[in-house]
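Each remark here refers to the structure printed beneath this line.
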Amino acid sequence: MLEARTRDYVEHRIRAGVLEHGTARLLEDSGVGGRMRAEGLVHHGIELRFEGQAHRVPLTELSGGRSIVVYGQQEVVKDLVAARLGAGGEVRFEAECVGVDAPELGKASIRYRAGGEERLLECDVVAGCDGFHGACRASAPPGAFREVEHTHPFGWLGVLAAVPPSTEELIYCRHERGFALHSLRSPELSRLYLQVDPDERTERWPDERIWEELRRRFATEDGWTLAEGPVLEKSITAMKSFVAEPMRSGALFLAGDSAHIVPPTGAKGMNLAVADVRTLAAALLEWYRSGDEQLLDDYSATCLRRVWAAQEFSTYMTRMLHPLPGDDFGSRIALAQLRQAAALGAASTHLAERYVDLCSV
Ligand code: PHB
């Protein structure tokens, strides 16, 4: 296992935070769920807020008893690194992949730079888990992947703040000034997001402006208040949908963001990555055990069905919750969808089922 960054960097980088029911169960079943069980926050609902009113979607009630766990991605990374090292495995940090050659199963190699030198790792297969900008997808033969993408014309300004969350459940808020999301990381840490222009810069968002904008967007008719505190971190995320098809070239298997990006509105990115790896692990196990390549041959199609289901859900959530300047028609349609999602009928159930457990099916 090669990791370009330091252990400290990957264990503290703030990323996603929502584990689906099936993702949490997989961590448990794999023996790495101990700290998640102790420190993760189990949620049974989310709030949809629009037109100044709060509407609770009771996820657990609508999804046959399932729930989500709010647990930061960097915490999952810590648990996985500890488990790997604890089992006598090797994780080589500060080892940057520069190219992959993987013409067929059993014949692959990774060129990487470590300690100022270029080295070669020979292997049977390569799991390309190196993200959207990684070297794996880029080093496949020309034409190996067809890339399908869609860029949403806005970004998210994300904030980590040292203040107890003003809510027990996540709040997804549509406002004419733009989308806002109230999430959390712990009883003392709030995670908040604002829809901004895609080329926005954090320097233009001093803390006071962020709180002022959050207050305006989250305002309700019944006078809900937002607690404020020191901003510890700010960043801007572009909103992109991307899929590389198929997710395999020879002995190179793409997994996670190297193969697909979803906008964060549906909270699916980390869950999809975990699901890819679960599928790949089962296929590799079968191949090593019996020599049967069938599951490896099925890997891409199996994953892509799930990836496109997640793209559909993320696009639904994104379009429903983000206003576009001047798009009155789109706004009316989105409000009609929000009313259905809040009405506790079939649309709410459909949302709840996909929010809670899309990637493990
Ligand atoms: C987060 O807590 O970072 C988070 C939660 C829900 C989302 C996106 C991000 O949809």
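Starting from 1 in every chain, residues are counted up; chains themselves are A, B, ... following the order of the structure tokens, and ligands are numbered from 1 as listed.
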
From a backbone DSSP assignment, name each residue in range 174-264 of chain A labelled strand (DSSP E), as a ChimeraX atom specification. /A:174,180-186,189-196,231-245,248-249,252-254,260-261

Sorted by chain and rising residue number, list the residues of chain A at most 9 Å from ligand 1 (counting only C-alpha atoms and all ligand atoms), each with its closest atom pair and distance in Å to one decimal, as a tab-separated table.
residue	atom	partner	partner_atom_place_in_ligand_line	distance
A:Ile14	CA	ligand 1	3 (O)	8.2
A:Arg15	CA	ligand 1	3 (O)	6.3
A:Ala16	CA	ligand 1	3 (O)	4.5
A:Gly17	CA	ligand 1	2 (O)	4.4
A:Val18	CA	ligand 1	5 (C)	5.7
A:Val70	CA	ligand 1	2 (O)	7.1
A:Tyr71	CA	ligand 1	2 (O)	8.3
A:Gly72	CA	ligand 1	2 (O)	7.6
A:Gln73	CA	ligand 1	3 (O)	9.0
A:Gly158	CA	ligand 1	3 (O)	8.1
A:Leu170	CA	ligand 1	6 (C)	7.1
A:Ile171	CA	ligand 1	6 (C)	8.8
A:Tyr172	CA	ligand 1	10 (O)	7.9
A:Leu181	CA	ligand 1	6 (C)	7.4
A:His182	CA	ligand 1	2 (O)	7.8
A:Ser183	CA	ligand 1	2 (O)	4.7
A:Leu184	CA	ligand 1	2 (O)	5.7
A:Arg185	CA	ligand 1	2 (O)	6.9
A:Ser190	CA	ligand 1	2 (O)	8.6
A:Arg191	CA	ligand 1	2 (O)	5.9
A:Leu192	CA	ligand 1	2 (O)	7.6
A:Tyr193	CA	ligand 1	9 (C)	8.0
A:Pro263	CA	ligand 1	10 (O)	8.6
A:Pro264	CA	ligand 1	8 (C)	4.8
A:Thr265	CA	ligand 1	10 (O)	4.0
A:Gly266	CA	ligand 1	10 (O)	4.7
A:Ala267	CA	ligand 1	10 (O)	3.9
A:Lys268	CA	ligand 1	10 (O)	7.6
A:Ser314	CA	ligand 1	10 (O)	8.9
A:Met317	CA	ligand 1	10 (O)	8.8

What's around range 202-215 of chain A at 7 Å? Count only C-alpha atoms, leave out sequence neighbours fewer than 6 positions away in its own chain, and write the answer as a CSV table (one decimal) with C-alpha atoms, in the first residue's frame.
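selection30.csv, written as the output of this step:
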chain,number,residue,atom,x,y,z
A,180,ALA,CA,-26.8,25.9,3.4
A,226,LEU,CA,-27.5,29.5,15.3
A,228,GLU,CA,-21.5,30.9,16.6
A,231,VAL,CA,-13.8,29.0,12.7
A,234,LYS,CA,-12.4,26.9,5.7
A,235,SER,CA,-12.2,25.4,2.2
A,236,ILE,CA,-14.0,25.6,-1.1

Atomic distance CA of Val277 in chain A - CA of Ala127 in chain A, expressed in Å with one decimal: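 Answer for the CA of Val277 in chain A to CA of Ala127 in chain A separation: 8.5 Å.
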
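By only C-alpha atoms, and with residues fewer than 4 positions from Val57 in chain A along its chain excluded, the set lying at most 7 Å from it is Gly45, Ile46, Glu47, Ala342 and Ser348 of chain A.
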
Report, in Å to a single decimal, how far apart CA of Trp308 in chain A and CA of Phe179 in chain A are. 23.8 Å

As a PyMOL selection string, please: all residues of range 24-214 of chain A that backbone DSSP puts in alpha helix (DSSP H). chain A and resi 24-29+34-39+59-62+73-86+135-138+207-214

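You can rank A:Arg174, A:His350, A:His12, A:Arg216 by their closest distance to Leu321 in chain A using only C-alpha atoms, and at the top of that list sits A:Arg174.
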
Hey, what's within 9 Å of Arg146 in chain A if we count only C-alpha atoms and toss same-chain stuff fewer than 5 positions away? As a VMD selection string, please? chain A and resid 243 to 246

Quick one: write out the picked residues with all heavy atoms as a short mmCIF file (atom, residue, chain, number, x, y, z; two decimals), in the first residue's frame?
data_model
loop_
_atom_site.label_atom_id
_atom_site.label_comp_id
_atom_site.auth_asym_id
_atom_site.auth_seq_id
_atom_site.Cartn_x
_atom_site.Cartn_y
_atom_site.Cartn_z
N VAL A 243 -17.70 10.16 -14.03
CA VAL A 243 -17.56 8.70 -14.01
C VAL A 243 -16.62 8.27 -15.13
O VAL A 243 -16.77 8.72 -16.27
CB VAL A 243 -18.92 7.97 -14.20
CG1 VAL A 243 -18.74 6.45 -14.09
CG2 VAL A 243 -19.96 8.45 -13.20
N ALA A 244 -15.66 7.41 -14.81
CA ALA A 244 -14.79 6.78 -15.81
C ALA A 244 -15.32 5.37 -16.04
O ALA A 244 -15.51 4.61 -15.09
CB ALA A 244 -13.35 6.74 -15.33
N GLU A 245 -15.55 5.03 -17.30
CA GLU A 245 -16.10 3.70 -17.63
C GLU A 245 -15.20 3.00 -18.66
O GLU A 245 -14.79 3.67 -19.61
CB GLU A 245 -17.49 3.86 -18.23
CG GLU A 245 -18.51 4.46 -17.29
CD GLU A 245 -19.87 4.70 -17.97
OE1 GLU A 245 -19.90 4.84 -19.22
OE2 GLU A 245 -20.87 4.74 -17.26
N PRO A 246 -14.96 1.72 -18.52
CA PRO A 246 -15.26 0.88 -17.35
C PRO A 246 -14.29 1.23 -16.23
O PRO A 246 -13.38 2.03 -16.42
CB PRO A 246 -15.02 -0.53 -17.87
CG PRO A 246 -13.96 -0.37 -18.93
CD PRO A 246 -14.22 0.97 -19.56
#

Skip Pro141 in chain A itself and residues of its chain fewer than 5 positions away, then list as an MDAnalysis selection string all residues within 12 Å of it, counting only C-alpha atoms. chainID A and resid 99:103 136 146 248:250 252

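Comparing A:Gly106, A:Gly52, A:Pro323, A:Gly131 by their smallest distance to His152 in chain A, the closest is A:Pro323 (using only C-alpha atoms).
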
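The closest residue to Phe313 in chain A, picked from A:Ala273, A:Ala227, A:Leu358, A:Ala343 and counting only C-alpha atoms, is A:Leu358.
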
Between A:Ala310, A:Leu335, A:Leu285, A:Leu304, which residue has the minimum interatomic distance to Tyr355 in chain A, considering only C-alpha atoms?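 Counting only C-alpha atoms, the residue closest to Tyr355 in chain A is A:Ala310.
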
Using only C-alpha atoms, which residue out of A:Glu104, A:Asp292, A:Glu233, A:Glu3 lies closest to Glu90 in chain A?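 Going through A:Glu104, A:Asp292, A:Glu233, A:Glu3 one by one, the smallest distance to Glu90 in chain A is for A:Glu3.
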
Which residues, written as a PyMOL selection string, have at least one atom at most 8 Å from range 27-34 of chain A, with only C-alpha atoms counted and residues fewer than 4 positions away on the same chain left out? chain A and resi 23+38+79-80+83

Selection above as a file: all heavy atoms, as a compact mmCIF listing (two decimals), in the first residue's frame:
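Printed below is again02.txt as written:
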# COMPACT_ATOMS: atom_id res chain seq x y z
N THR A 23 -22.33 0.82 5.23
CA THR A 23 -20.90 1.12 5.39
C THR A 23 -20.50 0.91 6.85
O THR A 23 -19.46 0.29 7.14
CB THR A 23 -20.62 2.58 4.97
OG1 THR A 23 -21.12 2.78 3.65
CG2 THR A 23 -19.14 2.88 5.01
N ALA A 38 -18.07 3.70 19.51
CA ALA A 38 -17.97 4.51 20.73
C ALA A 38 -18.14 6.00 20.45
O ALA A 38 -18.75 6.72 21.24
CB ALA A 38 -16.61 4.26 21.39
N ASP A 79 -8.51 4.40 11.79
CA ASP A 79 -8.85 3.04 12.20
C ASP A 79 -8.29 2.01 11.21
O ASP A 79 -7.81 0.95 11.61
CB ASP A 79 -10.38 2.88 12.32
CG ASP A 79 -10.96 3.79 13.39
OD1 ASP A 79 -10.21 4.23 14.29
OD2 ASP A 79 -12.18 4.08 13.34
N LEU A 80 -8.37 2.33 9.91
CA LEU A 80 -7.88 1.38 8.90
C LEU A 80 -6.36 1.27 8.92
O LEU A 80 -5.81 0.18 8.81
CB LEU A 80 -8.37 1.79 7.50
CG LEU A 80 -9.90 1.73 7.28
CD1 LEU A 80 -10.25 2.18 5.87
CD2 LEU A 80 -10.44 0.33 7.53
N ALA A 83 -5.38 -0.76 11.95
CA ALA A 83 -5.68 -2.19 11.78
C ALA A 83 -4.67 -2.85 10.85
O ALA A 83 -4.19 -3.96 11.11
CB ALA A 83 -7.10 -2.36 11.21

Of the candidates A:Arg111, A:Arg84, A:Arg306, A:Arg25, which shows the shortest atom-to-atom distance to Arg354 in chain A, using only C-alpha atoms?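 Closest to Arg354 in chain A, using only C-alpha atoms: A:Arg306.
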
Report, in Å with one decimal, the straight-line distance from CA of Leu232 in chain A to CA of Val159 in chain A. 7.4 Å
